[in-house]
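What follows is upload.cif (mmCIF, C-alpha atoms and all ligand atoms).
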data_input
#
loop_
_atom_site.label_atom_id
_atom_site.label_comp_id
_atom_site.auth_asym_id
_atom_site.auth_seq_id
_atom_site.Cartn_x
_atom_site.Cartn_y
_atom_site.Cartn_z
CA MET A 119 20.20 105.09 113.25
CA ASN A 120 18.55 105.01 116.60
CA ILE A 121 21.43 105.71 118.98
CA VAL A 122 21.45 105.76 122.78
CA VAL A 123 24.26 107.85 124.22
CA ALA A 124 24.77 106.91 127.87
CA VAL A 125 26.65 109.53 129.87
CA THR A 126 28.26 108.70 133.20
CA GLY A 127 29.75 110.92 135.89
CA GLY A 128 33.09 112.14 134.66
CA ILE A 129 34.41 115.55 133.71
CA ALA A 130 34.73 114.33 130.09
CA ALA A 131 30.91 114.53 129.91
CA TYR A 132 31.40 118.04 128.52
CA LYS A 133 32.97 116.48 125.40
CA THR A 134 29.97 114.18 125.01
CA VAL A 135 27.80 117.24 124.37
CA HIS A 136 29.73 117.70 121.13
CA LEU A 137 29.51 113.97 120.34
CA VAL A 138 25.70 114.12 120.63
CA ARG A 139 25.67 117.24 118.45
CA LEU A 140 27.72 115.49 115.74
CA LEU A 141 25.42 112.46 115.80
CA VAL A 142 22.27 114.62 115.55
CA LYS A 143 23.84 116.62 112.72
CA GLY A 144 24.63 113.31 111.01
CA GLY A 145 20.89 112.59 110.88
CA HIS A 146 20.75 110.10 113.76
CA ASP A 147 17.97 109.85 116.27
CA VAL A 148 19.78 110.26 119.59
CA THR A 149 18.45 109.54 123.07
CA VAL A 150 20.70 110.64 125.92
CA VAL A 151 20.65 108.54 129.09
CA PRO A 152 22.74 110.20 131.79
CA THR A 153 23.37 108.83 135.25
CA GLU A 154 22.46 111.04 138.23
CA ASP A 155 26.17 111.66 138.68
CA ALA A 156 26.60 112.75 135.07
CA LEU A 157 24.08 115.54 135.68
CA ARG A 158 26.45 117.07 138.24
CA PHE A 159 28.85 117.73 135.36
CA VAL A 160 26.43 118.67 132.57
CA GLY A 161 22.81 119.52 133.36
CA LEU A 162 19.61 118.05 132.00
CA PRO A 163 18.60 121.10 129.90
CA THR A 164 21.81 120.85 127.91
CA TRP A 165 21.18 117.19 127.04
CA GLU A 166 17.56 117.87 126.12
CA ALA A 167 18.44 120.84 123.95
CA ILE A 168 21.30 119.16 122.16
CA SER A 169 19.46 115.86 121.53
CA ARG A 170 16.10 117.62 120.95
CA LYS A 171 14.44 115.02 123.17
CA PRO A 172 13.25 114.66 126.77
CA VAL A 173 15.90 113.14 129.00
CA THR A 174 15.36 111.08 132.15
CA THR A 175 17.70 109.21 134.44
CA GLY A 176 15.48 106.95 136.53
CA VAL A 177 13.52 103.79 135.88
CA HIS A 178 10.37 105.22 137.51
CA GLU A 179 9.68 107.90 134.90
CA ASP A 180 7.62 107.29 131.77
CA VAL A 181 6.74 103.86 133.19
CA ALA A 182 3.69 103.42 130.91
CA ARG A 183 6.01 103.09 127.95
CA VAL A 184 8.28 100.68 129.82
CA ARG A 185 11.10 103.07 129.10
CA HIS A 186 13.63 101.10 131.18
CA VAL A 187 13.71 98.34 128.55
CA ALA A 188 12.14 100.06 125.53
CA LEU A 189 15.14 102.31 124.94
CA GLY A 190 17.55 99.41 124.77
CA GLN A 191 15.23 97.31 122.62
CA ALA A 192 14.79 100.09 120.06
CA ALA A 193 18.47 101.06 119.86
CA ASP A 194 20.64 100.27 116.83
CA LEU A 195 23.74 101.31 118.74
CA VAL A 196 24.56 102.21 122.36
CA ILE A 197 27.56 104.41 123.14
CA VAL A 198 28.69 104.92 126.74
CA ALA A 199 30.77 108.11 126.86
CA PRO A 200 32.42 108.82 129.15
CA ALA A 201 32.52 105.38 130.74
CA THR A 202 33.85 105.75 134.29
CA ALA A 203 35.62 102.97 136.18
CA ASN A 204 32.50 102.64 138.34
CA THR A 205 30.16 102.22 135.36
CA ILE A 206 32.53 99.75 133.71
CA ALA A 207 32.47 97.68 136.92
CA LYS A 208 28.67 97.85 137.04
CA MET A 209 28.44 96.79 133.39
CA ALA A 210 30.76 93.85 134.00
CA ALA A 211 28.57 92.74 136.93
CA GLY A 212 25.34 93.34 135.00
CA LEU A 213 23.90 95.77 137.58
CA ALA A 214 20.73 97.59 136.62
CA ASP A 215 19.96 100.13 139.35
CA ASP A 216 19.28 103.02 136.97
CA LEU A 217 17.97 103.66 133.45
CA LEU A 218 21.44 103.27 131.99
CA GLY A 219 21.85 99.83 133.59
CA THR A 220 18.46 98.53 132.46
CA THR A 221 18.98 99.92 128.96
CA LEU A 222 22.30 98.11 128.65
CA LEU A 223 20.81 94.81 129.83
CA ALA A 224 17.80 95.10 127.52
CA THR A 225 19.68 95.84 124.32
CA THR A 226 20.92 93.42 121.71
CA ALA A 227 22.44 96.27 119.66
CA PRO A 228 26.20 96.79 119.40
CA VAL A 229 27.61 98.60 122.45
CA ALA A 230 30.73 100.79 122.44
CA ILE A 231 32.28 102.45 125.48
CA ALA A 232 34.73 105.34 125.69
CA PRO A 233 36.54 104.98 129.03
CA ALA A 234 37.66 108.09 130.90
CA MET A 235 39.48 107.99 134.24
CA HIS A 236 42.81 108.60 135.91
CA THR A 237 45.69 106.41 134.82
CA GLU A 238 45.88 104.58 138.16
CA MET A 239 42.21 103.66 137.98
CA TRP A 240 42.54 102.52 134.36
CA ARG A 241 45.55 100.35 135.17
CA HIS A 242 44.01 98.84 138.30
CA PRO A 243 43.63 95.05 137.93
CA ALA A 244 39.93 95.33 138.79
CA THR A 245 39.29 97.74 135.91
CA GLN A 246 41.43 95.71 133.52
CA ALA A 247 39.56 92.51 134.44
CA ASN A 248 36.23 94.29 133.92
CA ILE A 249 37.38 95.61 130.53
CA ALA A 250 38.42 92.07 129.52
CA THR A 251 34.97 90.82 130.56
CA LEU A 252 33.20 93.49 128.49
CA ARG A 253 35.44 92.81 125.50
CA SER A 254 34.68 89.06 125.72
CA ARG A 255 30.98 89.97 125.46
CA GLY A 256 31.59 91.78 122.20
CA ILE A 257 31.53 95.31 123.62
CA ARG A 258 33.84 97.66 121.73
CA ILE A 259 36.31 99.57 123.86
CA VAL A 260 37.12 102.88 122.18
CA GLY A 261 40.20 104.40 123.82
CA PRO A 262 41.17 105.67 126.28
CA GLY A 263 43.70 108.05 124.79
CA ASP A 264 47.05 108.85 126.29
CA GLY A 265 47.62 112.44 127.37
CA GLU A 266 47.03 115.17 129.86
CA LEU A 267 44.37 114.42 132.49
CA THR A 268 42.30 116.79 134.62
CA GLY A 269 44.49 116.62 137.72
CA GLY A 270 47.51 117.83 135.78
CA ASP A 271 48.87 114.28 135.59
CA SER A 272 49.18 112.49 132.28
CA GLY A 273 48.99 108.94 130.92
CA PRO A 274 46.32 106.63 129.53
CA GLY A 275 42.82 107.50 130.71
CA ARG A 276 41.76 110.49 128.61
CA MET A 277 38.47 110.08 126.79
CA LEU A 278 38.98 110.22 123.03
CA GLU A 279 37.81 113.30 121.18
CA PRO A 280 34.17 113.18 119.91
CA GLU A 281 35.33 112.96 116.27
CA GLU A 282 37.58 110.01 117.08
CA ILE A 283 34.77 108.22 118.94
CA LEU A 284 32.41 108.87 116.04
CA ASP A 285 34.88 107.48 113.49
CA ALA A 286 35.47 104.38 115.59
CA VAL A 287 31.83 103.56 116.29
CA LEU A 288 30.42 104.38 112.87
CA ALA A 289 33.26 102.95 110.77
CA PRO A 290 32.06 100.00 108.71
CA ALA A 291 33.70 96.63 109.15
CA ARG A 292 36.79 96.24 106.91
CA ASP A 293 36.02 92.57 106.30
CA LEU A 294 36.65 92.76 102.53
CA THR A 295 40.19 94.05 102.80
CA GLY A 296 42.30 92.68 99.95
CA VAL A 297 39.35 90.94 98.26
CA ARG A 298 39.24 91.54 94.49
CA VAL A 299 35.71 92.07 93.29
CA VAL A 300 34.18 92.48 89.83
CA ILE A 301 30.60 93.67 89.55
CA SER A 302 28.52 94.21 86.44
CA ALA A 303 25.62 96.63 86.71
CA GLY A 304 23.14 98.54 84.58
CA GLY A 305 21.42 97.34 81.45
CA THR A 306 22.91 96.54 78.06
CA ARG A 307 21.73 98.26 74.87
CA GLU A 308 21.73 96.34 71.62
CA PRO A 309 21.74 98.65 68.59
CA ILE A 310 19.00 98.43 65.99
CA ASP A 311 20.43 101.37 64.08
CA PRO A 312 22.61 104.36 65.10
CA VAL A 313 19.78 105.95 67.12
CA ARG A 314 17.72 103.04 68.44
CA PHE A 315 18.41 100.12 70.69
CA LEU A 316 16.84 97.19 72.50
CA GLY A 317 17.30 97.88 76.19
CA ASN A 318 15.79 97.40 79.60
CA ARG A 319 14.89 99.43 82.68
CA SER A 320 17.81 98.49 84.91
CA SER A 321 19.31 101.68 86.41
CA GLY A 322 22.42 100.06 87.89
CA ARG A 323 21.57 101.32 91.40
CA GLN A 324 21.77 97.94 93.14
CA GLY A 325 25.08 97.12 91.45
CA ALA A 326 26.52 100.55 92.28
CA ALA A 327 25.43 100.07 95.91
CA LEU A 328 27.16 96.67 95.99
CA ALA A 329 30.32 98.33 94.66
CA ALA A 330 30.10 101.20 97.18
CA GLU A 331 29.61 98.80 100.08
CA ALA A 332 32.54 96.65 98.95
CA VAL A 333 34.81 99.71 98.63
CA ALA A 334 33.78 100.87 102.11
CA ARG A 335 34.61 97.43 103.50
CA GLY A 336 38.09 97.43 101.97
CA ALA A 337 37.70 95.54 98.67
CA GLU A 338 39.39 96.36 95.36
CA VAL A 339 36.43 96.84 93.05
CA VAL A 340 36.02 96.88 89.27
CA LEU A 341 32.56 98.01 88.18
CA VAL A 342 31.60 97.07 84.64
CA ALA A 343 28.95 99.70 84.04
CA ALA A 344 26.40 99.20 81.28
CA ASN A 345 24.75 102.54 80.50
CA ILE A 346 24.58 103.83 84.06
CA ALA A 347 23.65 107.49 84.63
CA PRO A 348 26.47 109.61 86.14
CA ASP A 349 24.53 110.39 89.35
CA VAL A 350 24.02 106.66 89.99
CA LEU A 351 27.64 105.90 89.16
CA ALA A 352 28.81 108.58 91.61
CA ALA A 353 27.66 106.32 94.47
CA ALA A 354 30.36 103.81 93.51
CA HIS A 355 33.14 106.28 94.25
CA GLY A 356 36.41 104.40 94.76
CA ALA A 357 35.65 101.59 92.30
CA THR A 358 37.43 101.34 88.94
CA VAL A 359 34.68 101.89 86.37
CA ARG A 360 34.74 100.17 82.95
CA PRO A 361 31.90 101.57 80.84
CA VAL A 362 30.30 99.22 78.31
CA GLY A 363 27.30 99.43 76.00
CA THR A 364 26.31 96.06 74.56
CA ALA A 365 26.18 92.51 75.94
CA GLY A 366 29.18 91.67 73.75
CA GLU A 367 31.25 94.50 75.26
CA LEU A 368 30.12 93.54 78.74
CA SER A 369 31.19 89.95 78.15
CA ILE A 370 34.69 91.00 77.08
CA ALA A 371 35.14 93.39 80.03
CA MET A 372 33.84 90.84 82.55
CA LYS A 373 36.03 88.00 81.31
CA ASP A 374 39.09 90.22 81.41
CA ALA A 375 38.45 91.47 84.98
CA ALA A 376 37.11 88.16 86.33
CA ALA A 377 40.33 86.29 85.48
CA SER A 378 41.99 87.71 88.60
CA ALA A 379 38.95 88.20 90.85
CA ASP A 380 37.92 86.53 94.10
CA VAL A 381 34.27 87.47 93.70
CA VAL A 382 32.21 88.03 90.54
CA ILE A 383 28.74 89.56 90.82
CA MET A 384 26.54 89.79 87.73
CA ALA A 385 23.96 92.38 88.69
CA ALA A 386 23.61 93.73 85.15
CA ALA A 387 20.48 93.10 83.12
CA VAL A 388 21.98 91.57 80.00
CA ALA A 389 19.98 91.38 76.76
CA ASP A 390 19.32 87.77 75.84
CA TYR A 391 19.10 88.67 72.14
CA ARG A 392 20.50 91.32 69.84
CA PRO A 393 19.42 92.53 66.39
CA ALA A 394 21.11 90.26 63.86
CA HIS A 395 21.85 93.06 61.39
CA PRO A 396 22.04 96.48 63.03
CA ALA A 397 21.59 99.14 60.33
CA GLU A 398 24.49 101.46 59.56
CA HIS A 399 22.13 104.36 58.91
CA LYS A 400 19.03 105.44 60.71
CA LEU A 401 16.00 103.45 59.61
CA THR A 402 13.10 105.61 58.46
CA LYS A 403 9.43 105.16 57.86
CA GLU A 404 10.12 105.48 54.17
CA ASP A 405 12.24 102.35 54.38
CA ALA A 406 9.38 100.64 56.26
CA LEU A 407 12.12 98.49 57.70
CA LEU A 408 11.19 98.87 61.36
CA THR A 409 8.28 96.48 61.39
CA ARG A 410 10.48 93.49 61.94
CA ILE A 411 13.80 92.94 63.70
CA ASP A 412 15.64 89.64 63.34
CA LEU A 413 17.37 88.61 66.54
CA VAL A 414 20.28 86.37 67.41
CA GLU A 415 20.98 84.98 70.86
CA ASN A 416 23.66 86.51 73.07
CA GLU A 417 26.04 84.46 75.14
CA ASP A 418 25.00 83.78 78.74
CA VAL A 419 27.86 85.69 80.34
CA VAL A 420 27.45 84.55 83.93
CA ALA A 421 27.14 80.89 82.90
CA ALA A 422 30.35 81.23 80.86
CA LEU A 423 32.15 82.93 83.76
CA ALA A 424 30.99 80.29 86.25
CA ALA A 425 32.04 77.45 83.94
CA SER A 426 35.60 78.74 83.58
CA ARG A 427 36.14 80.28 87.00
CA PRO A 428 39.52 80.09 88.74
CA ALA A 429 39.67 78.05 91.97
CA GLY A 430 38.24 79.80 95.00
CA GLN A 431 36.21 82.34 93.03
CA THR A 432 32.64 83.00 94.17
CA VAL A 433 30.11 83.73 91.43
CA VAL A 434 26.84 85.51 92.17
CA ALA A 435 24.00 85.87 89.67
CA PHE A 436 20.94 88.08 89.90
CA ALA A 437 17.39 87.60 88.74
CA ALA A 438 14.61 90.15 88.62
CA GLU A 439 11.30 88.36 88.76
CA THR A 440 7.76 89.66 88.52
CA LEU A 441 6.11 86.46 89.85
CA THR A 442 4.41 87.52 93.08
CA ASP A 443 3.83 84.01 94.46
CA PRO A 444 6.90 83.42 96.65
CA ASP A 445 6.95 79.64 96.07
CA GLU A 446 6.78 79.95 92.31
CA ARG A 447 9.42 82.67 92.41
CA ARG A 448 11.76 80.53 94.50
CA ALA A 449 11.27 77.51 92.27
CA ARG A 450 12.22 79.56 89.20
CA ALA A 451 15.20 81.04 91.04
CA ARG A 452 16.45 77.58 92.04
CA ARG A 453 16.32 76.39 88.43
CA LYS A 454 18.09 79.56 87.29
CA ARG A 455 20.91 79.16 89.85
CA GLU A 456 21.49 75.59 88.69
CA ARG A 457 21.43 76.59 85.03
CA LYS A 458 23.92 79.41 85.55
CA GLY A 459 26.24 77.41 87.82
CA ALA A 460 26.34 80.32 90.29
CA ASP A 461 27.12 79.89 93.98
CA LEU A 462 24.46 82.37 95.00
CA LEU A 463 21.51 83.79 93.14
CA VAL A 464 19.94 87.02 94.38
CA VAL A 465 16.28 87.23 93.38
CA ASN A 466 14.61 90.57 93.50
CA LEU A 467 10.98 91.28 93.18
CA ALA A 468 10.35 93.78 90.41
CA ASP A 469 6.98 95.37 91.17
CA ALA A 470 5.52 98.84 91.72
CA GLU A 471 7.46 99.48 94.94
CA HIS A 472 10.61 97.44 94.41
CA GLY A 473 13.32 96.80 91.89
CA PHE A 474 13.90 98.69 88.66
CA GLU A 475 14.49 102.45 88.97
CA LYS A 476 13.37 102.38 92.61
CA ALA A 477 15.40 103.35 95.68
CA GLU A 478 14.14 100.38 97.71
CA ASN A 479 14.67 96.73 97.04
CA ALA A 480 13.58 93.40 98.51
CA VAL A 481 15.61 90.28 97.80
CA GLU A 482 15.99 86.63 98.67
CA ILE A 483 19.30 84.85 98.32
CA ILE A 484 19.36 81.27 97.06
CA GLY A 485 22.42 79.20 97.88
CA GLU A 486 23.76 75.66 97.80
CA GLY A 487 21.08 73.05 97.14
CA GLY A 488 18.49 75.75 96.46
CA ALA A 489 18.23 76.77 100.11
CA VAL A 490 17.08 80.30 100.91
CA VAL A 491 20.20 81.47 102.74
CA GLY A 492 19.21 85.07 103.30
CA GLU A 493 16.72 87.81 102.68
CA ALA A 494 16.89 91.56 102.91
CA SER A 495 14.83 94.62 102.21
CA GLY A 496 15.34 98.34 102.50
CA THR A 497 17.46 100.83 100.63
CA LYS A 498 19.69 99.37 97.93
CA ARG A 499 22.72 100.11 100.13
CA GLU A 500 21.15 98.19 103.04
CA VAL A 501 20.39 95.31 100.72
CA ALA A 502 23.98 95.48 99.40
CA ALA A 503 25.34 95.17 102.95
CA ALA A 504 23.17 92.12 103.59
CA ILE A 505 24.27 90.48 100.31
CA TRP A 506 27.93 91.00 101.24
CA ASP A 507 27.36 89.52 104.71
CA ARG A 508 25.82 86.43 103.11
CA LEU A 509 28.49 86.21 100.45
CA LEU A 510 31.26 86.29 103.04
CA ALA A 511 29.52 83.58 105.05
CA ALA A 512 29.30 81.43 101.89
CA ARG A 513 33.03 81.95 101.20
CA ALA A 514 34.06 81.10 104.77
N1 LIG A 601 22.87 87.02 82.36
C1 LIG A 601 24.05 86.90 81.64
N2 LIG A 601 24.03 86.85 80.31
C2 LIG A 601 22.87 86.91 79.63
C3 LIG A 601 21.65 87.02 80.33
C4 LIG A 601 21.68 87.08 81.70
O1 LIG A 601 25.10 86.84 82.26
N3 LIG A 601 22.89 86.85 78.30
C5 LIG A 601 22.92 87.02 83.81
C6 LIG A 601 22.39 88.27 84.49
O2 LIG A 601 23.40 89.21 84.66
C7 LIG A 601 21.90 87.71 85.81
C8 LIG A 601 21.45 86.32 85.47
O3 LIG A 601 22.12 85.99 84.27
O4 LIG A 601 22.94 87.61 86.76
C9 LIG A 601 19.99 86.14 85.31
O5 LIG A 601 19.50 86.98 84.33
P1 LIG A 601 18.04 86.73 83.74
O6 LIG A 601 17.80 87.66 82.62
O7 LIG A 601 17.06 86.70 84.86
O8 LIG A 601 18.24 85.24 83.23
P2 LIG A 601 17.87 84.53 81.93
O9 LIG A 601 18.78 83.38 81.80
O10 LIG A 601 17.85 85.49 80.80
O11 LIG A 601 16.45 83.97 82.25
P3 LIG A 601 15.01 84.48 81.83
O12 LIG A 601 14.45 83.35 81.04
O13 LIG A 601 14.28 84.68 83.12
O14 LIG A 601 15.16 85.73 81.04
#
As structure tokens, what does this structure read like?
Ligand code: CTP
Amino acid sequence: MNIVVAVTGGIAAYKTVHLVRLLVKGGHDVTVVPTEDALRFVGLPTWEAISRKPVTTGVHEDVARVRHVALGQAADLVIVAPATANTIAKMAAGLADDLLGTTLLATTAPVAIAPAMHTEMWRHPATQANIATLRSRGIRIVGPGDGELTGGDSGPGRMLEPEEILDAVLAPARDLTGVRVVISAGGTREPIDPVRFLGNRSSGRQGAALAAEAVARGAEVVLVAANIAPDVLAAAHGATVRPVGTAGELSIAMKDAAASADVVIMAAAVADYRPAHPAEHKLTKEDALLTRIDLVENEDVVAALAASRPAGQTVVAFAAETLTDPDERRARARRKRERKGADLLVVNLADAEHGFEKAENAVEIIGEGGAVVGEASGTKREVAAAIWDRLLAARA
């Protein structure tokens, strides 16, 4: 993430050095924006060394790159730590007389502040009114903690420890708490004989990412895993895994788990047909039996689940399509959603860069009436997060 850490003039600025270090170690791109006052507590070289970036405080430096708004526009997250009573008041009023002020006004990213001040200042009605104003604008107030303060006094006003701030600002939303989720993922294998099967190239990565995201957001997750490699499955840590092999096994496991689920997601690539008479022994060239395989149709699992779903259950189907024309692809996806009786259908483009066996994915989500209700691209985890956001909106 692209994170701006704004530092204001309080003694707790020394703790922010460690916060920046933790963020950089966590792989984030951190830009420190101190106020002039903050530099009286911790100097510019420290911020530059720890963030590995040039640091400026004023709006008249690096003007060519319009730094006073560019920083805020590019940020994915802004953390103000420590946030003094003075800065909180300036934020509430929308003042922009330094780089920190302009950055805060220019950003649409989430903003979190970690207040630090003496107890009297924290409790003052002016500060409390300003905090209420910031909160009403969606700014997250992290702390302050209760404890010993610099003057030897104690009470609320202590800036939280860097680790606590990090946990609070980076913690995912817990908006799936208590939601029971069943996800199928991977690809089924239909035996031809004891050593051969009819299969497909689905790795199970997108389904495992959906499970991981749901676990992180508080859901109870059952993952029906069709032939997923252990390293892929490891991503779904925290989900209950039910391994299956064939479409028939997948159907049984899904029906069992779906009976008590709030959300069912069929991300697995299920074989439409299976060999009618799988051989008990390995077929050989001598038998010359491998030139022809008779097939019988498998059940459409998601259609069956959707048709017999309990009240209030949301059913999501997937479709991997190779049609590159977006209109044709959408038209096919709309027909498929109708046919399956799913609430949402996630269409992913399976081409050289996206889809099967790839880390990245690009999807469109078709909802009620065939409307495109969402789209997402990026890593499979990012796509999973976007699908869950959409799914929750559809359930609301
Ligand atoms: N699916 C299923 N049971 C099957 C086949 C597919 O539950 N026997 C589910 C998949 O898990 C997916 C959705 O149906 O959620 C769409 O799968 P897809 O193979 O694209 O659909 P088909 O109906 O097989 O359509 P197509 O003609 O494109 O193969």
Within 9 Å of ligand LIG 601 (chain A), counting all atoms listed in the file: which residues, as number ranges by chain?
-> A: 302-303, 305, 365, 369, 383-391, 415-423, 434-439, 450-451, 454-455, 457-458, 460, 463-465
For Leu140 (chain A), work out the shell of residues within 9 Å, counting all atoms listed in the file and skipping chain neighbours fewer than 3 positions away, then give it as a list in words.
-> Val135, His136, Leu137, Lys143, Gly144, Gly145, Pro280, Glu281 and Leu284 of chain A
Looking at A:Thr432, A:Thr174, A:Thr442, A:Thr268, which one is nearest to Val300 (chain A), with distances taken over only C-alpha atoms?
->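 Going through A:Thr432, A:Thr174, A:Thr442, A:Thr268 one by one, the smallest distance to Val300 (chain A) is for A:Thr432.
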Tell me which of A:Gly487, A:Gly496, A:Pro262, A:Gly304 sits closest to Ala130 (chain A), counting all atoms listed in the file.
-> A:Pro262
Pairwise distance for CA of Leu413 (chain A) and CA of Gly317 (chain A), rounded to one decimal in Å |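 So the two atoms, CA of Leu413 (chain A) and CA of Gly317 (chain A), lie 13.4 Å apart.
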Write out as a VMD selection string which residues come within 10 Å of Val299 (chain A) when counting all atoms listed in the file, dropping same-chain ones fewer than 5 positions away.
-> chain A and resid 294 329 332 to 333 337 to 341 357 375 to 376 378 to 383 431 to 432
